[in-house]
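Here is the file structure-v7.cif (mmCIF, C-alpha atoms).
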data_protein
#
loop_
_atom_site.label_atom_id
_atom_site.label_comp_id
_atom_site.auth_asym_id
_atom_site.auth_seq_id
_atom_site.Cartn_x
_atom_site.Cartn_y
_atom_site.Cartn_z
CA MET A 28 103.10 105.60 51.13
CA SER A 29 101.89 109.00 52.28
CA SER A 30 101.26 107.76 55.82
CA THR A 31 104.68 106.10 55.89
CA LEU A 32 106.37 109.33 54.82
CA MET A 33 104.42 111.30 57.42
CA TYR A 34 105.43 108.90 60.18
CA LEU A 35 109.08 109.02 59.07
CA ALA A 36 108.98 112.82 59.07
CA ALA A 37 107.41 112.77 62.54
CA THR A 38 110.14 110.40 63.74
CA GLY A 39 112.90 112.71 62.49
CA MET A 40 111.22 115.76 63.99
CA LEU A 41 110.82 114.04 67.36
CA VAL A 42 114.48 112.98 67.40
CA ILE A 43 115.55 116.59 66.87
CA ILE A 44 113.09 118.06 69.39
CA ASN A 45 113.91 115.46 72.04
CA LYS A 46 117.62 116.18 71.53
CA ILE A 47 117.15 119.92 72.01
CA GLN A 48 114.47 119.71 74.75
CA PRO A 49 112.89 123.17 74.17
CA SER A 50 111.21 123.40 77.58
CA GLN A 51 114.45 122.58 79.40
CA LEU A 52 116.34 125.03 77.20
CA ALA A 53 113.84 127.76 78.02
CA GLU A 54 114.21 127.12 81.76
CA GLU A 55 118.01 127.27 81.46
CA GLN A 56 117.86 130.64 79.72
CA ARG A 57 115.33 132.03 82.20
CA LYS A 58 117.64 131.03 85.04
CA ALA A 59 120.63 132.55 83.25
CA THR A 60 118.72 135.79 82.65
CA ARG A 61 117.87 136.12 86.34
CA LEU A 62 121.47 135.45 87.38
CA PHE A 63 122.92 137.90 84.87
CA GLN A 64 120.43 140.54 86.01
CA ASP A 65 121.46 139.92 89.62
CA LEU A 66 125.14 140.28 88.65
CA TYR A 67 124.32 143.47 86.75
CA ASN A 68 122.68 144.89 89.87
CA GLN A 69 125.71 143.95 91.98
CA ILE A 70 128.06 145.74 89.58
CA GLU A 71 125.80 148.80 89.58
CA THR A 72 125.87 148.85 93.38
CA THR A 73 129.67 148.63 93.40
CA LEU A 74 129.91 151.51 90.93
CA SER A 75 127.43 153.63 92.88
CA ILE A 76 129.54 153.21 96.03
CA GLY A 77 132.52 154.45 94.07
CA HIS A 78 136.21 153.59 93.74
CA PRO A 79 135.96 149.97 92.57
CA SER A 80 139.18 148.06 93.09
CA ALA A 81 141.00 145.61 90.86
CA ILE A 82 139.65 142.81 93.08
CA ASP A 83 136.07 143.93 92.33
CA VAL A 84 136.82 143.80 88.60
CA LYS A 85 138.39 140.36 88.92
CA GLU A 86 135.44 139.00 90.87
CA ALA A 87 132.96 140.38 88.32
CA ILE A 88 134.89 138.79 85.44
CA ASP A 89 135.05 135.45 87.26
CA LYS A 90 131.30 135.54 87.85
CA VAL A 91 130.56 136.31 84.21
CA LEU A 92 132.78 133.47 83.02
CA ALA A 93 131.26 131.04 85.53
CA LEU A 94 127.74 131.99 84.44
CA ASP A 95 128.64 131.63 80.77
CA LYS A 96 130.05 128.17 81.44
CA ALA A 97 127.04 127.06 83.48
CA TYR A 98 124.44 128.41 81.05
CA PRO A 99 125.93 128.81 77.55
CA LEU A 100 123.95 130.25 74.68
CA PRO A 101 121.65 127.64 73.10
CA LEU A 102 124.01 126.58 70.32
CA LEU A 103 124.05 122.88 69.54
CA GLU A 104 127.84 122.61 69.81
CA VAL A 105 127.98 123.98 73.38
CA MET A 106 124.47 123.16 74.56
CA LEU A 107 124.19 121.62 78.02
CA GLU A 108 123.77 117.86 78.15
CA LYS A 109 120.04 117.19 78.32
CA PHE A 110 120.36 113.59 79.48
CA PRO A 111 123.39 113.46 81.81
CA THR A 112 124.52 110.15 83.26
CA CYS A 113 124.18 111.50 86.80
CA VAL A 114 122.26 114.39 88.34
CA GLU A 115 124.49 117.07 89.86
CA PRO A 116 123.55 120.51 91.20
CA ALA A 117 123.94 123.36 88.75
CA VAL A 118 127.04 125.46 89.58
CA TRP A 119 127.00 129.02 88.26
CA TRP A 120 129.41 130.73 90.69
CA PRO A 121 133.22 130.88 90.70
CA GLN A 122 135.40 129.34 93.36
CA GLN A 123 135.12 131.18 96.65
CA ARG A 124 138.12 133.46 97.18
CA ARG A 125 139.58 134.64 100.43
CA ARG A 126 137.99 137.95 101.38
CA GLN A 127 139.77 141.15 102.24
CA PRO A 128 139.59 142.16 105.93
CA ASN A 129 136.72 144.49 106.82
CA ARG A 130 137.52 147.99 107.97
CA VAL A 131 135.60 147.61 111.23
CA SER A 132 136.23 144.37 113.08
CA ASP A 133 136.73 145.38 116.70
CA ASN A 134 133.80 143.22 117.86
CA GLY A 135 134.78 140.06 116.01
CA ASN A 136 132.76 141.19 112.99
CA ASP A 137 129.58 140.23 114.89
CA TRP A 138 130.52 136.53 114.90
CA ASN A 139 130.35 134.35 117.99
CA SER A 140 130.32 130.66 118.83
CA LYS A 141 126.51 130.56 118.96
CA LEU A 142 126.16 132.00 115.46
CA GLU A 143 128.81 129.59 114.15
CA GLU A 144 126.93 126.61 115.57
CA GLU A 145 123.69 127.94 114.10
CA MET A 146 125.22 128.22 110.63
CA LYS A 147 126.68 124.71 110.91
CA GLU A 148 123.25 123.30 111.69
CA ILE A 149 121.65 125.22 108.82
CA MET A 150 124.33 123.96 106.45
CA GLY A 151 123.67 120.40 107.61
CA VAL A 152 119.92 120.70 107.04
CA LEU A 153 120.48 122.15 103.56
CA GLY A 154 122.70 119.22 102.61
CA ARG A 155 120.79 116.27 104.03
CA LYS A 156 117.24 117.53 103.43
CA ASP A 157 116.75 120.23 100.78
CA GLN A 158 119.56 119.42 98.35
CA GLU A 159 119.18 115.66 98.72
CA GLU A 160 115.43 115.89 98.10
CA TYR A 161 115.79 117.92 94.90
CA ILE A 162 118.52 115.64 93.58
CA ARG A 163 116.23 112.66 94.24
CA LEU A 164 113.37 114.35 92.40
CA GLY A 165 115.75 115.35 89.60
CA LYS A 166 116.79 111.73 89.11
CA LYS A 167 113.16 110.66 88.78
CA ALA A 168 112.40 113.46 86.32
CA LEU A 169 115.49 112.57 84.28
CA LYS A 170 114.54 108.88 84.09
CA LEU A 171 111.01 109.75 83.00
CA ASN A 172 112.28 112.22 80.41
CA LYS A 173 114.73 109.67 79.00
CA PHE A 174 111.99 107.05 78.72
CA LEU A 175 109.60 109.43 76.98
CA ALA A 176 112.28 110.83 74.67
CA ILE A 177 113.14 107.32 73.45
CA SER A 178 109.58 106.00 73.34
CA GLY A 179 108.19 108.75 71.08
CA PRO A 180 110.46 108.23 68.04
CA PHE A 181 110.40 104.47 68.62
CA LEU A 182 106.61 104.34 68.41
CA THR A 183 106.41 106.57 65.33
CA GLY A 184 109.10 104.38 63.75
CA LEU A 185 107.00 101.28 64.39
CA ALA A 186 104.00 103.08 62.97
CA ALA A 187 106.00 103.92 59.83
CA ILE A 188 106.97 100.26 59.43
CA GLY A 189 103.38 99.16 59.89
CA SER A 190 102.13 101.70 57.34
CA ALA A 191 104.72 100.54 54.83
CA PHE A 192 103.33 96.97 54.93
CA VAL A 193 99.66 97.89 54.70
CA GLY A 194 98.22 96.13 51.64
CA SER A 195 101.31 94.02 51.12
CA SER A 196 99.38 90.79 51.71
CA PRO A 197 95.89 89.86 52.93
CA SER A 198 97.26 87.94 55.92
CA HIS A 199 99.55 90.67 57.24
CA GLY A 200 97.74 93.78 56.06
CA SER A 201 95.39 93.99 59.06
CA TRP A 202 98.26 93.60 61.54
CA ALA A 203 100.32 96.21 59.74
CA ALA A 204 97.40 98.65 59.78
CA MET A 205 96.84 97.98 63.48
CA LEU A 206 100.54 98.61 64.17
CA GLY A 207 100.39 101.90 62.31
CA ILE A 208 97.27 103.08 64.13
CA VAL A 209 98.27 101.96 67.63
CA GLY A 210 101.87 103.15 67.23
CA GLY A 211 100.77 106.59 66.09
CA ALA A 212 98.21 106.92 68.88
CA LEU A 213 100.66 105.85 71.58
CA ALA A 214 103.30 108.21 70.18
CA SER A 215 100.82 111.09 70.44
CA VAL A 216 100.15 110.25 74.08
CA VAL A 217 103.86 109.94 74.91
CA ASN A 218 104.79 113.24 73.25
CA THR A 219 101.87 115.02 74.87
CA ILE A 220 103.07 113.88 78.30
CA GLU A 221 106.71 114.77 77.58
CA HIS A 222 106.32 118.18 75.99
CA GLY A 223 102.88 119.16 77.24
CA GLY A 224 103.94 118.24 80.76
CA GLN A 225 107.26 120.11 80.32
CA VAL A 226 109.24 117.23 81.85
CA GLY A 227 112.57 118.69 80.70
CA MET A 228 111.77 122.01 82.34
CA VAL A 229 110.86 120.23 85.59
CA PHE A 230 114.21 118.40 85.58
CA GLU A 231 116.13 121.63 85.01
CA MET A 232 114.15 123.34 87.79
CA TYR A 233 115.10 120.57 90.23
CA ARG A 234 118.75 120.76 89.13
CA SER A 235 118.84 124.55 89.54
CA ASN A 236 117.21 124.39 92.97
CA ALA A 237 119.77 121.81 94.10
CA GLY A 238 122.44 124.20 92.84
CA PHE A 239 120.97 127.01 94.92
CA PHE A 240 121.26 124.91 98.07
CA GLU A 241 124.81 123.97 97.11
CA TYR A 242 125.60 127.68 96.75
CA MET A 243 124.13 128.42 100.18
CA GLN A 244 126.22 125.67 101.75
CA GLU A 245 129.41 126.93 100.10
CA SER A 246 128.69 130.49 101.24
CA ILE A 247 128.27 129.36 104.83
CA LYS A 248 131.30 127.08 104.67
CA SER A 249 133.55 129.77 103.22
CA ASN A 250 132.75 132.01 106.19
CA LEU A 251 133.12 129.31 108.82
CA THR A 252 136.44 128.03 107.47
CA GLU A 253 137.92 131.54 107.54
CA THR A 254 139.83 131.69 110.83
CA GLU A 255 140.16 135.47 110.80
CA THR A 256 136.73 136.86 111.63
CA GLY A 257 137.71 140.18 110.11
CA ARG A 258 137.76 138.53 106.69
CA ARG A 259 134.28 137.09 107.07
CA GLU A 260 131.05 138.75 106.07
CA ASN A 261 129.45 140.65 108.90
CA GLY A 262 127.81 138.04 111.12
CA GLU A 263 124.48 139.80 111.68
CA LEU A 264 124.10 140.74 108.02
CA PHE A 265 125.08 137.27 106.88
CA GLU A 266 122.54 135.65 109.20
CA MET A 267 119.85 137.97 107.86
CA LYS A 268 120.84 137.22 104.26
CA VAL A 269 120.65 133.47 104.87
CA ALA A 270 117.24 133.84 106.49
CA LEU A 271 115.87 135.92 103.61
CA LYS A 272 117.17 133.53 100.95
CA LEU A 273 115.53 130.63 102.76
CA GLY A 274 112.25 132.51 103.20
CA ARG A 275 112.48 132.64 106.99
CA SER A 276 112.60 135.24 109.72
CA LEU A 277 115.62 135.45 112.03
CA SER A 278 113.74 133.83 114.89
CA ASP A 279 112.46 131.11 112.57
CA LEU A 280 115.99 130.43 111.33
CA ARG A 281 117.31 130.15 114.88
CA ASN A 282 114.48 127.81 115.85
CA LEU A 283 115.32 125.60 112.87
CA ALA A 284 118.96 125.42 113.94
CA ALA A 285 117.96 124.63 117.53
CA SER A 286 115.53 121.89 116.51
CA SER A 287 118.09 120.42 114.12
CA SER A 288 120.73 120.20 116.86
CA LEU A 289 118.27 118.37 119.13
CA LYS A 290 116.83 116.08 116.46
CA ALA A 291 119.15 115.19 113.61
CA ASP A 292 116.46 113.29 111.68
CA SER A 293 113.97 116.15 111.64
CA ASP A 294 111.61 116.20 108.65
CA GLU A 295 111.68 120.01 108.37
CA PHE A 296 113.37 121.53 105.33
CA ALA A 297 115.53 124.64 105.56
CA SER A 298 113.91 126.52 102.67
CA LYS A 299 110.31 127.70 102.67
CA LEU A 300 110.47 129.23 99.20
CA PHE A 301 110.62 126.06 97.09
#

Produce structure tokens that represent the structure in this file.
Amino acid sequence: MSSTLMYLAATGMLVIINKIQPSQLAEEQRKATRLFQDLYNQIETTLSIGHPSAIDVKEAIDKVLALDKAYPLPLLEVMLEKFPTCVEPAVWWPQQRRRQPNRVSDNGNDWNSKLEEEMKEIMGVLGRKDQEEYIRLGKKALKLNKFLAISGPFLTGLAAIGSAFVGSSPSHGSWAAMLGIVGGALASVVNTIEHGGQVGMVFEMYRSNAGFFEYMQESIKSNLTETETGRRENGELFEMKVALKLGRSLSDLRNLAASSSLKADSDEFASKLF
């Protein structure tokens, strides 16, 4: 009876833990902390420049609300779905708004046809290589996590049933004992792989990385679709920002765009950071 109660308690505990996914929850909150810190630094920079406008306030509010929606506090009622039906990139930014014209735009805001083609190629590589790869890996991690999350409580439940029938009859007692021992051992292995291997955290990391590439694509697209170059970000600064976020130098970024235009099925990824 004591072993049966222990297995039942373990089954209930595993159901709760696998529902919450502590490692995935920790990764979500680490990501949210980094993003909120980045937003805090942006607001500090705006205040240090002086004379923030109503548009700056509106953008900051929209970013806070988007972040809060993407990474809510770990309350069970609003907790992110740990086992979604499909893997989608994490989205923590608000909808891109039309920018105000820059004060200095006499040179086309440093945009030209060559830079536009370069950004189009980079956007294409991000979509068909980096983002697609992390979504593929995220799907595999999600399937593995689902299998392990179901298998653990199932095995401890079988072990509880086996323990309950130990000593019930001479013919079935040995099989019941074997079921209790094997079920408990296999459950230990499954839970060690799931939580010791931090499978939930790996899935969330893949999902967040796919979201980063989605954000990069939207940033590039929002600039390219703006017909008035004066409303775009400065071309040279934007190119440098894209290169830094992808872990590349400017020359390396241009070489990637050139090789992508010549060979659409290139195996090279855009990002060198992760």

Contact residues around range 142-145 of chain A with all atoms listed in the file at 6 Å, ignoring same-chain residues under 3 positions, as JSON, numbers by chain: {"A": [139, 148, 284]}

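Between CA of Leu62 in chain A and CA of Leu300 in chain A the interatomic distance comes to 17.3 Å.
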
Padding 6 Å on each side, edges along x, y and z: where is the centre of the box around the listed atoms of range 75-82 of chain A, and how long are its edges in Å to one decimal? Output it as lines of an AutoDock Vina configuration file.
center_x = 134.2
center_y = 148.6
center_z = 93.4
size_x = 25.6
size_y = 23.6
size_z = 17.2

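Put simply, the PyMOL selection byres ((chain A and resi 108) around 12) in this file takes in Asn45, Lys46, Ile47, Gln48, Gln51, Leu52, Glu55, Ala97, Tyr98, Pro99, Pro101, Leu102, Leu103, Glu104, Val105, Met106, Leu107, Lys109, Phe110, Pro111, Thr112, Cys113, Val114, Glu115, Ala117, Leu169, Gly227 and Glu231 of chain A.
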
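Of the residues listed (A:Phe63, A:Trp119, A:Phe230, A:Phe240), A:Phe240 shows the shortest atom-to-atom separation from Asp157 in chain A; distances use only C-alpha atoms.
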
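The two atoms in question, CA of Glu159 in chain A and CA of Ala53 in chain A, are spaced 24.6 Å apart.
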
Picked residues, the PyMOL selection byres ((chain A and resi 264-277) around 12), as a count of residues only: 46

Residue IDs satisfying the PyMOL selection byres ((chain A and resi 205) around 12), as an MDAnalysis selection string: chainID A and resid 185:193 199:204 206:213

Considering only C-alpha atoms, tabulate each residue of range 137-192 of chain A that lies at most 8 Å from range 34-44 of chain A along with its nearest interatomic pair and the corresponding distance in Å to one decimal; arrange the rows by chain and ascending residue number and present them as a tab-separated table.
residue	atom	partner	partner_atom	distance
A:Ala176	CA	A:Val42	CA	7.9
A:Gly179	CA	A:Leu41	CA	7.0
A:Pro180	CA	A:Thr38	CA	4.8
A:Phe181	CA	A:Thr38	CA	7.7
A:Thr183	CA	A:Thr38	CA	5.6
A:Gly184	CA	A:Thr38	CA	6.1
A:Ala186	CA	A:Tyr34	CA	6.6
A:Ala187	CA	A:Tyr34	CA	5.0

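Residue nearest Lys248 in chain A, chosen from A:Ala59, A:Gly151, A:Gln69, A:Leu32 and counting only C-alpha atoms: A:Gly151.
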
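Separating CA of Asp89 in chain A from CA of Ile70 in chain A is a distance of 12.7 Å.
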
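Between Tyr233 in chain A and the residues A:Leu164, A:Ile88, A:Ile177, A:Ile76, the shortest atom-to-atom distance, using all atoms listed in the file, involves A:Leu164.
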